[in-house]
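Raw contents of protein.cif, mmCIF, C-alpha atoms:
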```
data_start
loop_
_atom_site.group_PDB
_atom_site.id
_atom_site.type_symbol
_atom_site.label_atom_id
_atom_site.label_comp_id
_atom_site.auth_asym_id
_atom_site.auth_seq_id
_atom_site.Cartn_x
_atom_site.Cartn_y
_atom_site.Cartn_z
ATOM 1 C CA MET A 1 0.000 0.000 0.000
ATOM 2 C CA ARG A 2 2.849 2.412 0.754
ATOM 3 C CA GLN A 3 4.299 1.980 -2.745
ATOM 4 C CA ARG A 4 1.064 1.825 -4.741
ATOM 5 C CA GLY A 5 2.226 4.817 -6.827
ATOM 6 C CA ASP A 6 5.564 3.172 -7.738
ATOM 7 C CA THR A 7 5.009 -0.169 -9.487
ATOM 8 C CA SER A 8 8.720 -0.844 -10.093
ATOM 9 C CA PHE A 9 9.466 -0.452 -6.385
ATOM 10 C CA ALA A 10 6.460 -2.562 -5.394
ATOM 11 C CA ASP A 11 7.595 -5.331 -7.763
ATOM 12 C CA LEU A 12 11.116 -5.230 -6.286
ATOM 13 C CA LEU A 13 9.784 -5.424 -2.722
ATOM 14 C CA ASN A 14 7.441 -8.310 -3.536
ATOM 15 C CA ALA A 15 10.358 -10.226 -5.071
ATOM 16 C CA LEU A 16 12.557 -9.475 -2.046
ATOM 17 C CA ARG A 17 9.848 -10.605 0.355
ATOM 18 C CA VAL A 18 9.594 -14.083 -1.197
ATOM 19 C CA GLY A 19 13.269 -14.517 -2.073
ATOM 20 C CA GLU A 20 12.944 -14.147 -5.845
ATOM 21 C CA LEU A 21 15.170 -11.152 -6.619
ATOM 22 C CA LYS A 22 16.618 -11.320 -10.134
ATOM 23 C CA GLY A 23 19.321 -9.486 -12.072
ATOM 24 C CA PRO A 24 17.166 -6.455 -13.016
ATOM 25 C CA HIS A 25 16.194 -6.005 -9.368
ATOM 26 C CA PHE A 26 19.819 -5.928 -8.250
ATOM 27 C CA GLU A 27 20.693 -3.523 -11.061
ATOM 28 C CA LEU A 28 17.921 -1.223 -9.867
ATOM 29 C CA LEU A 29 19.226 -1.339 -6.303
ATOM 30 C CA MET A 30 22.739 -0.538 -7.521
ATOM 31 C CA THR A 31 21.490 2.712 -9.046
ATOM 32 C CA LYS A 32 20.378 3.815 -5.580
ATOM 33 C CA THR A 33 23.706 3.437 -3.780
ATOM 34 C CA LEU A 34 24.612 6.640 -1.937
ATOM 35 C CA LYS A 35 27.565 8.448 -3.514
ATOM 36 C CA GLU A 36 27.407 11.834 -1.796
ATOM 37 C CA PRO A 37 25.011 12.645 1.083
ATOM 38 C CA THR A 38 23.517 15.815 -0.376
ATOM 39 C CA GLY A 39 20.059 17.386 -0.655
ATOM 40 C CA GLU A 40 17.309 15.394 1.030
ATOM 41 C CA PHE A 41 19.855 12.651 1.764
ATOM 42 C CA ALA A 42 22.320 14.891 3.616
ATOM 43 C CA LEU A 43 23.788 13.740 6.931
ATOM 44 C CA ASN A 44 21.174 15.555 9.017
ATOM 45 C CA LYS A 45 18.071 15.135 6.832
ATOM 46 C CA ALA A 46 16.760 11.782 5.579
ATOM 47 C CA ILE A 47 16.541 9.200 8.350
ATOM 48 C CA ARG A 48 19.083 6.378 8.186
ATOM 49 C CA ILE A 49 17.896 2.856 8.882
ATOM 50 C CA TYR A 50 20.451 0.458 10.402
ATOM 51 C CA PRO A 51 20.233 -3.096 11.779
ATOM 52 C CA THR A 52 22.016 -2.427 15.114
ATOM 53 C CA ARG A 53 21.698 0.114 17.922
ATOM 54 C CA LYS A 54 25.466 0.711 17.845
ATOM 55 C CA MET A 55 25.286 1.884 14.223
ATOM 56 C CA VAL A 56 22.339 4.130 15.100
ATOM 57 C CA GLU A 57 24.177 5.672 18.049
ATOM 58 C CA ASP A 58 27.288 6.299 15.944
ATOM 59 C CA HIS A 59 25.299 8.139 13.281
ATOM 60 C CA ASN A 60 23.314 10.215 15.786
ATOM 61 C CA ASN A 61 26.571 11.209 17.489
ATOM 62 C CA SER A 62 28.039 12.207 14.119
ATOM 63 C CA VAL A 63 25.086 14.509 13.456
ATOM 64 C CA LEU A 64 25.358 16.017 16.944
ATOM 65 C CA GLN A 65 29.032 16.710 16.296
ATOM 66 C CA TYR A 66 28.111 18.379 12.997
ATOM 67 C CA TYR A 67 25.710 20.747 14.773
ATOM 68 C CA ARG A 68 28.292 21.497 17.468
ATOM 69 C CA SER A 69 30.749 22.476 14.745
ATOM 70 C CA GLN A 70 28.114 24.879 13.430
ATOM 71 C CA GLY A 71 27.907 26.633 16.810
ATOM 72 C CA ILE A 72 24.393 25.397 17.639
ATOM 73 C CA ARG A 73 23.466 25.638 21.338
ATOM 74 C CA ILE A 74 22.902 22.092 22.586
ATOM 75 C CA TYR A 75 21.312 21.403 25.988
ATOM 76 C CA LYS A 76 22.044 18.318 28.070
ATOM 77 C CA ILE A 77 18.955 17.034 29.887
ATOM 78 C CA GLU A 78 19.639 14.658 32.785
ATOM 79 C CA SER A 79 16.931 12.417 34.167
ATOM 80 C CA GLN A 80 15.709 12.802 37.734
ATOM 81 C CA ASP A 81 16.039 9.398 39.411
ATOM 82 C CA ARG A 82 15.022 8.293 42.882
ATOM 83 C CA ILE A 83 14.615 4.996 44.678
ATOM 84 C CA ILE A 84 11.118 4.171 45.913
ATOM 85 C CA ASP A 85 9.699 1.211 47.807
ATOM 86 C CA SER A 86 13.130 -0.020 48.866
ATOM 87 C CA GLY A 87 13.705 -2.402 51.740
ATOM 88 C CA ARG A 88 17.365 -1.326 51.975
ATOM 89 C CA ASN A 89 19.074 1.844 53.083
ATOM 90 C CA ALA A 90 19.194 3.989 49.946
ATOM 91 C CA ASP A 91 20.818 7.062 51.516
ATOM 92 C CA LYS A 92 23.713 8.424 49.474
ATOM 93 C CA ILE A 93 23.536 5.495 47.071
ATOM 94 C CA ASP A 94 25.322 5.847 43.730
ATOM 95 C CA MET A 95 22.373 5.678 41.340
ATOM 96 C CA SER A 96 24.625 4.610 38.461
ATOM 97 C CA LYS A 97 25.066 1.290 40.290
ATOM 98 C CA VAL A 98 21.330 0.826 40.741
ATOM 99 C CA VAL A 99 19.970 1.885 37.317
ATOM 100 C CA SER A 100 20.598 -0.050 34.086
ATOM 101 C CA ASN A 101 22.212 1.686 31.108
ATOM 102 C CA ASP A 102 19.812 -0.159 28.801
ATOM 103 C CA ILE A 103 16.971 2.187 27.820
ATOM 104 C CA ASN A 104 14.708 -0.833 27.335
ATOM 105 C CA LYS A 105 15.064 -1.557 31.076
ATOM 106 C CA THR A 106 14.298 2.026 32.156
ATOM 107 C CA GLY A 107 10.849 2.449 30.652
ATOM 108 C CA GLY A 108 12.236 3.873 27.401
ATOM 109 C CA LEU A 109 13.626 6.966 29.155
ATOM 110 C CA GLN A 110 17.296 7.897 28.768
ATOM 111 C CA LYS A 111 19.651 8.936 31.566
ATOM 112 C CA GLU A 112 21.025 11.801 29.441
ATOM 113 C CA LEU A 113 19.483 13.479 26.425
ATOM 114 C CA GLU A 114 20.954 16.213 24.232
ATOM 115 C CA ILE A 115 18.472 18.494 22.492
ATOM 116 C CA PHE A 116 18.328 21.729 20.503
ATOM 117 C CA LEU A 117 15.919 23.630 18.294
ATOM 118 C CA GLY A 118 15.458 21.700 15.059
ATOM 119 C CA ALA A 119 16.661 18.338 16.425
ATOM 120 C CA LYS A 120 14.948 15.297 14.907
ATOM 121 C CA VAL A 121 13.460 13.103 17.634
ATOM 122 C CA MET A 122 11.267 10.042 18.091
ATOM 123 C CA LEU A 123 8.670 9.446 20.789
ATOM 124 C CA ARG A 124 9.396 6.524 23.095
ATOM 125 C CA ALA A 125 5.903 6.329 24.583
ATOM 126 C CA ASN A 126 2.249 6.416 23.623
ATOM 127 C CA ILE A 127 1.062 9.919 24.547
ATOM 128 C CA ILE A 128 -2.230 10.492 22.674
ATOM 129 C CA VAL A 129 -2.833 7.606 20.298
ATOM 130 C CA GLU A 130 -5.816 9.178 18.513
ATOM 131 C CA LYS A 131 -3.637 12.175 17.562
ATOM 132 C CA GLY A 132 -0.765 10.058 16.252
ATOM 133 C CA LEU A 133 1.444 10.693 19.295
ATOM 134 C CA VAL A 134 2.564 7.088 19.622
ATOM 135 C CA ASN A 135 5.777 5.244 20.325
ATOM 136 C CA GLY A 136 7.776 5.631 17.100
ATOM 137 C CA ALA A 137 6.328 8.975 15.927
ATOM 138 C CA ILE A 138 9.056 11.198 14.451
ATOM 139 C CA GLY A 139 9.226 15.001 14.509
ATOM 140 C CA ASN A 140 11.431 18.083 14.941
ATOM 141 C CA ILE A 141 11.752 20.266 18.041
ATOM 142 C CA THR A 142 10.331 23.740 17.336
ATOM 143 C CA GLU A 143 10.392 25.258 20.837
ATOM 144 C CA ILE A 144 11.871 24.544 24.284
ATOM 145 C CA HIS A 145 9.722 25.623 27.256
ATOM 146 C CA TRP A 146 11.826 26.013 30.420
ATOM 147 C CA PRO A 147 10.102 25.925 33.831
ATOM 148 C CA ASN A 148 8.625 29.154 35.238
ATOM 149 C CA PHE A 149 8.738 30.812 31.801
ATOM 150 C CA ARG A 150 12.519 31.144 31.960
ATOM 151 C CA ARG A 151 14.450 31.633 28.741
ATOM 152 C CA ASP A 152 17.314 29.297 29.587
ATOM 153 C CA GLN A 153 18.228 26.170 31.523
ATOM 154 C CA ILE A 154 19.151 26.299 35.215
ATOM 155 C CA ASP A 155 20.804 23.382 36.994
ATOM 156 C CA LYS A 156 19.044 20.138 35.963
ATOM 157 C CA ASP A 157 15.846 21.545 34.494
ATOM 158 C CA ILE A 158 13.722 19.247 32.348
ATOM 159 C CA PRO A 159 11.668 21.375 29.935
ATOM 160 C CA ASP A 160 8.517 20.785 27.921
ATOM 161 C CA LEU A 161 9.009 20.632 24.151
ATOM 162 C CA SER A 162 6.935 21.701 21.173
ATOM 163 C CA ILE A 163 7.508 19.104 18.449
ATOM 164 C CA ASP A 164 6.340 19.266 14.838
ATOM 165 C CA PHE A 165 5.100 15.804 13.866
ATOM 166 C CA GLY A 166 4.323 16.779 10.271
ATOM 167 C CA PRO A 167 0.807 15.703 9.228
ATOM 168 C CA ASP A 168 -0.052 15.051 12.907
ATOM 169 C CA GLY A 169 0.655 18.700 13.791
ATOM 170 C CA ILE A 170 2.710 20.477 16.451
ATOM 171 C CA HIS A 171 2.205 19.178 20.001
ATOM 172 C CA ARG A 172 3.616 20.014 23.413
ATOM 173 C CA ILE A 173 5.403 17.045 24.971
ATOM 174 C CA GLU A 174 5.966 17.041 28.724
ATOM 175 C CA PRO A 175 8.384 15.018 30.877
ATOM 176 C CA ARG A 176 6.905 11.794 32.197
ATOM 177 C CA CYS A 177 7.639 9.483 35.115
ATOM 178 C CA VAL A 178 8.103 5.733 34.882
ATOM 179 C CA GLU A 179 8.895 3.059 37.445
ATOM 180 C CA PHE A 180 11.154 0.072 36.899
ATOM 181 C CA ASP A 181 13.159 -2.450 38.884
ATOM 182 C CA GLY A 182 16.529 -1.299 40.154
ATOM 183 C CA LYS A 183 19.616 -3.474 40.291
ATOM 184 C CA LEU A 184 21.145 -5.012 43.422
ATOM 185 C CA ASN A 185 17.680 -5.625 44.934
ATOM 186 C CA TYR A 186 17.123 -1.957 45.683
ATOM 187 C CA GLY A 187 13.447 -2.207 44.763
ATOM 188 C CA LYS A 188 11.708 0.232 42.443
ATOM 189 C CA VAL A 189 13.297 3.243 40.789
ATOM 190 C CA GLU A 190 11.325 6.225 39.519
ATOM 191 C CA ARG A 191 12.746 8.179 36.566
ATOM 192 C CA ARG A 192 11.458 11.530 35.263
ATOM 193 C CA GLN A 193 12.608 12.460 31.771
ATOM 194 C CA LEU A 194 11.403 13.537 28.322
ATOM 195 C CA PRO A 195 9.982 10.508 26.443
ATOM 196 C CA ILE A 196 12.086 11.028 23.304
ATOM 197 C CA ILE A 197 15.323 9.932 21.658
ATOM 198 C CA LEU A 198 17.376 11.583 18.930
ATOM 199 C CA CYS A 199 16.393 10.135 15.577
ATOM 200 C CA TRP A 200 18.538 10.996 12.568
ATOM 201 C CA ALA A 201 18.989 7.217 12.507
ATOM 202 C CA CYS A 202 16.869 4.332 13.743
ATOM 203 C CA THR A 203 17.013 0.558 13.907
ATOM 204 C CA VAL A 204 15.028 -1.548 11.446
ATOM 205 C CA HIS A 205 13.078 -2.972 14.373
ATOM 206 C CA LYS A 206 12.023 0.469 15.616
ATOM 207 C CA MET A 207 10.960 1.577 12.114
ATOM 208 C CA GLN A 208 8.285 -1.123 11.818
ATOM 209 C CA GLY A 209 4.971 0.616 11.237
ATOM 210 C CA CYS A 210 6.592 3.897 10.132
ATOM 211 C CA THR A 211 6.328 5.479 6.676
ATOM 212 C CA VAL A 212 8.771 8.117 5.356
ATOM 213 C CA ASP A 213 9.357 9.973 2.101
ATOM 214 C CA HIS A 214 13.171 9.733 2.190
ATOM 215 C CA ALA A 215 15.549 7.286 3.874
ATOM 216 C CA VAL A 216 19.130 6.073 3.612
ATOM 217 C CA VAL A 217 18.987 2.300 4.098
ATOM 218 C CA TYR A 218 21.860 0.074 5.171
ATOM 219 C CA LEU A 219 21.939 -3.235 3.247
ATOM 220 C CA GLY A 220 25.461 -4.363 4.118
ATOM 221 C CA PRO A 221 27.042 -7.362 5.881
ATOM 222 C CA ALA A 222 25.796 -6.328 9.346
ATOM 223 C CA LEU A 223 22.228 -7.418 8.482
ATOM 224 C CA PHE A 224 21.607 -10.336 10.815
ATOM 225 C CA GLU A 225 17.928 -11.324 10.620
ATOM 226 C CA THR A 226 15.682 -12.601 7.851
ATOM 227 C CA GLY A 227 13.418 -9.837 6.616
ATOM 228 C CA GLN A 228 15.494 -6.866 7.816
ATOM 229 C CA ALA A 229 16.229 -5.685 4.271
ATOM 230 C CA TYR A 230 12.562 -5.919 3.279
ATOM 231 C CA VAL A 231 11.328 -4.028 6.350
ATOM 232 C CA ALA A 232 13.958 -1.293 5.931
ATOM 233 C CA LEU A 233 13.272 -0.686 2.230
ATOM 234 C CA SER A 234 9.495 -0.925 2.517
ATOM 235 C CA ARG A 235 9.290 1.977 4.993
ATOM 236 C CA VAL A 236 9.783 4.385 2.066
ATOM 237 C CA ARG A 237 6.948 5.411 -0.253
ATOM 238 C CA SER A 238 8.923 5.397 -3.523
ATOM 239 C CA LEU A 239 12.206 4.230 -4.946
ATOM 240 C CA GLU A 240 13.060 7.874 -5.656
ATOM 241 C CA GLY A 241 13.146 8.418 -1.899
ATOM 242 C CA VAL A 242 15.658 5.609 -1.275
ATOM 243 C CA ARG A 243 19.440 5.679 -1.071
ATOM 244 C CA ILE A 244 21.485 2.630 -0.054
ATOM 245 C CA VAL A 245 24.755 2.296 1.848
ATOM 246 C CA GLU A 246 26.967 -0.812 1.825
ATOM 247 C CA LEU A 247 24.891 -2.945 -0.510
ATOM 248 C CA ASP A 248 25.697 -6.647 -0.011
ATOM 249 C CA CYS A 249 23.591 -8.567 -2.525
ATOM 250 C CA SER A 250 24.332 -11.888 -0.808
ATOM 251 C CA LYS A 251 22.338 -10.649 2.208
ATOM 252 C CA LEU A 252 19.234 -10.340 0.038
ATOM 253 C CA THR A 253 19.259 -13.980 -1.034
ATOM 254 C CA GLY A 254 19.685 -17.313 0.698
ATOM 255 C CA LYS A 255 18.661 -20.932 0.877
ATOM 256 C CA LYS A 256 15.608 -20.041 2.992
ATOM 257 C CA PRO A 257 14.707 -16.493 1.938
ATOM 258 C CA CYS A 258 11.100 -16.739 3.063
ATOM 259 C CA ASN A 259 8.578 -18.647 5.133
ATOM 260 C CA GLU A 260 7.296 -21.360 2.789
ATOM 261 C CA GLU A 261 4.003 -21.775 4.673
ATOM 262 C CA CYS A 262 3.384 -18.034 4.470
ATOM 263 C CA LEU A 263 4.157 -18.062 0.745
ATOM 264 C CA GLN A 264 1.716 -20.935 0.161
ATOM 265 C CA GLU A 265 -0.978 -19.052 2.091
ATOM 266 C CA MET A 266 -0.408 -15.931 -0.038
ATOM 267 C CA GLU A 267 -0.797 -17.998 -3.211
ATOM 268 C CA ARG A 268 -3.996 -19.578 -1.863
ATOM 269 C CA MET A 269 -5.510 -16.150 -1.208
ATOM 270 C CA ARG A 270 -4.536 -14.967 -4.692
ATOM 271 C CA ARG A 271 -6.451 -17.932 -6.128
ATOM 272 C CA HIS A 272 -9.445 -17.072 -3.866
ATOM 273 C CA GLU A 273 -9.495 -20.600 -2.485
ATOM 274 C CA PRO A 274 -11.044 -21.357 0.940
ATOM 275 C CA ALA A 275 -8.708 -22.006 3.829
ATOM 276 C CA ALA A 276 -8.093 -25.610 4.811
ATOM 277 C CA ASP A 277 -10.120 -26.892 7.759
ATOM 278 C CA PRO A 278 -8.028 -27.133 10.966
ATOM 279 C CA GLU A 279 -7.250 -30.675 12.037
#
```

If you took the structure in this file and wrote it as structure tokens, what would it be?
Amino acid sequence: MRQRGDTSFADLLNALRVGELKGPHFELLMTKTLKEPTGEFALNKAIRIYPTRKMVEDHNNSVLQYYRSQGIRIYKIESQDRIIDSGRNADKIDMSKVVSNDINKTGGLQKELEIFLGAKVMLRANIIVEKGLVNGAIGNITEIHWPNFRRDQIDKDIPDLSIDFGPDGIHRIEPRCVEFDGKLNYGKVERRQLPIILCWACTVHKMQGCTVDHAVVYLGPALFETGQAYVALSRVRSLEGVRIVELDCSKLTGKKPCNEECLQEMERMRRHEPAADPE
């Protein structure tokens, strides 16, 4: 459905999905390899889709460094953490020993977050589902609202943000609190932080369900799961909006490129045949 206006791209994706890519498909992909990151595919514009979090972090850090070199004011936002419901003495405890560094174990909220006007970010929580403010929504920061109507950050302030989510409009996002298990049997930890991450790059897994007009897609040797290439490419509406880095054609083929049972079911539906009765 995303690519219904681009039949060549839809044909390529259908072939990739069932493991039937042929020479013309590979030739088409080769024409989309990224030579120079300019225009909509510049370092800080089109989102980059990678298979691993390490690759995502490296790219986001590269973009941050680019903005620093341009003299952009960047704010560091530190989470506010506290131990709650603990059966042990938590006075003067080093919170870094109690709280995991894995964002997936801290309710999706980061310990430190760097932000600035214009930064591309992704929501890490469902805020207002009916308005499109869901986990995975991508937008750009348009305004930073410091507490008490101040114009700048003091100490460890956590501001509200106005974020432009494109077709879903501009919305004010506030800090939120989450609870999670601390390490070393210290009970529950409460963290208050903005529910966003920087998002000039994103993992294939996190892009599931998203649709974008432009993306730089990694199709190199670091792909490690069946279907990653298909998911990454199919997030984009048209082939014109795709550029590819590190194309490894061997990663797009294989002895078991697809789920045979799924393929048989797709063929059955195309023939409009009734489903088999369960045993």

Show me a table, sorted first by chain and then by increasing residue number, of the residues of region 56-100 of chain A having an atom at most 6 Å from region 185-194 of chain A, each with its shortest atom pair and the distance in Å to one decimal, counting all atoms listed in the file and written as CSV.
```
residue,atom,partner,partner_atom,distance
A:Ser79,CA,A:Gln193,CA,4.9
A:Gln80,CA,A:Arg192,CA,5.1
A:Asp81,CA,A:Arg191,CA,4.5
A:Arg82,CA,A:Glu190,CA,5.4
A:Ile83,CA,A:Val189,CA,4.5
A:Ile84,CA,A:Lys188,CA,5.3
A:Asp85,CA,A:Lys188,CA,5.8
A:Ser86,CA,A:Gly187,CA,4.7
```

Dump of C-alpha atoms for the selected residues, as a PDB file, in the frame of the given file:
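As written to disk, part03.pdb reads:
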```
ATOM      1  CA  SER A  79      16.931  12.417  34.167  1.00  0.00           C
ATOM      2  CA  GLN A  80      15.709  12.802  37.734  1.00  0.00           C
ATOM      3  CA  ASP A  81      16.039   9.398  39.411  1.00  0.00           C
ATOM      4  CA  ARG A  82      15.022   8.293  42.882  1.00  0.00           C
ATOM      5  CA  ILE A  83      14.615   4.996  44.678  1.00  0.00           C
ATOM      6  CA  ILE A  84      11.118   4.171  45.913  1.00  0.00           C
ATOM      7  CA  ASP A  85       9.699   1.211  47.807  1.00  0.00           C
ATOM      8  CA  SER A  86      13.130  -0.020  48.866  1.00  0.00           C
TER       9      SER A  86
END
```

Just so the selection is clear, what residues does the PyMOL selection byres ((chain A and resi 134) around 12) cover here, as a short mmCIF file (atom, residue, chain, number, x, y, z; two decimals) with C-alpha atoms, in the frame of the given file?
```cif
data_model
loop_
_atom_site.label_atom_id
_atom_site.label_comp_id
_atom_site.auth_asym_id
_atom_site.auth_seq_id
_atom_site.Cartn_x
_atom_site.Cartn_y
_atom_site.Cartn_z
CA MET A 122 11.27 10.04 18.09
CA LEU A 123 8.67 9.45 20.79
CA ARG A 124 9.40 6.52 23.10
CA ALA A 125 5.90 6.33 24.58
CA ASN A 126 2.25 6.42 23.62
CA ILE A 127 1.06 9.92 24.55
CA ILE A 128 -2.23 10.49 22.67
CA VAL A 129 -2.83 7.61 20.30
CA GLU A 130 -5.82 9.18 18.51
CA LYS A 131 -3.64 12.18 17.56
CA GLY A 132 -0.76 10.06 16.25
CA LEU A 133 1.44 10.69 19.30
CA ASN A 135 5.78 5.24 20.32
CA GLY A 136 7.78 5.63 17.10
CA ALA A 137 6.33 8.98 15.93
CA ILE A 138 9.06 11.20 14.45
CA GLY A 139 9.23 15.00 14.51
CA PHE A 165 5.10 15.80 13.87
CA ASP A 168 -0.05 15.05 12.91
CA ILE A 173 5.40 17.05 24.97
CA PRO A 195 9.98 10.51 26.44
CA ILE A 196 12.09 11.03 23.30
CA GLY A 209 4.97 0.62 11.24
CA CYS A 210 6.59 3.90 10.13
#
```

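CA of Glu246 (chain A) to CA of Gly220 (chain A) spans 4.5 Å [interatomic distance, one decimal].
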
- Write out as a PyMOL selection string which residues come within 12 Å of Pro159 (chain A) when counting only C-alpha atoms, dropping same-chain ones fewer than 3 positions away. chain A and resi 75-79+113+115-116+141+143-156+162+172-176+192-195

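Coordinates place CA of Leu34 (chain A) at a distance of 7.8 Å from CA of Val216 (chain A).
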
Completed region 134-151 of chain A (N, CA, C and O atoms) as a short mmCIF file (atom, residue, chain, number, x, y, z; two decimals), keeping the file's coordinate frame:
```
data_model
loop_
_atom_site.label_atom_id
_atom_site.label_comp_id
_atom_site.auth_asym_id
_atom_site.auth_seq_id
_atom_site.Cartn_x
_atom_site.Cartn_y
_atom_site.Cartn_z
N VAL A 134 2.34 8.47 19.19
CA VAL A 134 2.56 7.09 19.62
C VAL A 134 4.05 6.78 19.62
O VAL A 134 4.87 7.49 19.02
N ASN A 135 4.40 5.72 20.31
CA ASN A 135 5.78 5.24 20.32
C ASN A 135 6.25 5.01 18.89
O ASN A 135 5.68 4.19 18.17
N GLY A 136 7.27 5.74 18.47
CA GLY A 136 7.78 5.63 17.10
C GLY A 136 7.48 6.85 16.23
O GLY A 136 8.03 6.96 15.14
N ALA A 137 6.63 7.77 16.70
CA ALA A 137 6.33 8.98 15.93
C ALA A 137 7.57 9.87 15.87
O ALA A 137 8.25 10.08 16.87
N ILE A 138 7.84 10.41 14.68
CA ILE A 138 9.06 11.20 14.45
C ILE A 138 8.69 12.66 14.17
O ILE A 138 7.74 12.94 13.45
N GLY A 139 9.46 13.58 14.74
CA GLY A 139 9.23 15.00 14.51
C GLY A 139 10.46 15.83 14.80
O GLY A 139 11.53 15.29 15.10
N ASN A 140 10.32 17.15 14.70
CA ASN A 140 11.43 18.08 14.94
C ASN A 140 11.05 19.06 16.04
O ASN A 140 9.93 19.59 16.07
N ILE A 141 11.99 19.33 16.95
CA ILE A 141 11.75 20.27 18.04
C ILE A 141 11.64 21.69 17.49
O ILE A 141 12.54 22.16 16.79
N THR A 142 10.54 22.37 17.80
CA THR A 142 10.33 23.74 17.34
C THR A 142 10.45 24.77 18.46
O THR A 142 10.66 25.95 18.19
N GLU A 143 10.29 24.32 19.71
CA GLU A 143 10.39 25.26 20.84
C GLU A 143 10.71 24.49 22.11
O GLU A 143 10.26 23.36 22.30
N ILE A 144 11.52 25.11 22.98
CA ILE A 144 11.87 24.54 24.28
C ILE A 144 11.27 25.44 25.36
O ILE A 144 11.54 26.64 25.41
N HIS A 145 10.43 24.86 26.23
CA HIS A 145 9.72 25.62 27.26
C HIS A 145 10.36 25.31 28.62
O HIS A 145 10.08 24.26 29.21
N TRP A 146 11.18 26.22 29.13
CA TRP A 146 11.83 26.01 30.42
C TRP A 146 10.84 26.32 31.55
O TRP A 146 9.92 27.12 31.38
N PRO A 147 11.02 25.69 32.71
CA PRO A 147 10.10 25.92 33.83
C PRO A 147 10.03 27.40 34.22
O PRO A 147 11.00 28.15 34.07
N ASN A 148 8.86 27.80 34.73
CA ASN A 148 8.62 29.15 35.24
C ASN A 148 8.86 30.23 34.18
O ASN A 148 9.27 31.35 34.49
N PHE A 149 8.63 29.87 32.92
CA PHE A 149 8.74 30.81 31.80
C PHE A 149 10.15 31.39 31.62
O PHE A 149 10.31 32.46 31.03
N ARG A 150 11.14 30.67 32.15
CA ARG A 150 12.52 31.14 31.96
C ARG A 150 12.94 30.97 30.51
O ARG A 150 12.37 30.17 29.77
N ARG A 151 13.97 31.69 30.12
CA ARG A 151 14.45 31.63 28.74
C ARG A 151 15.64 30.70 28.57
O ARG A 151 16.11 30.50 27.47
#
```
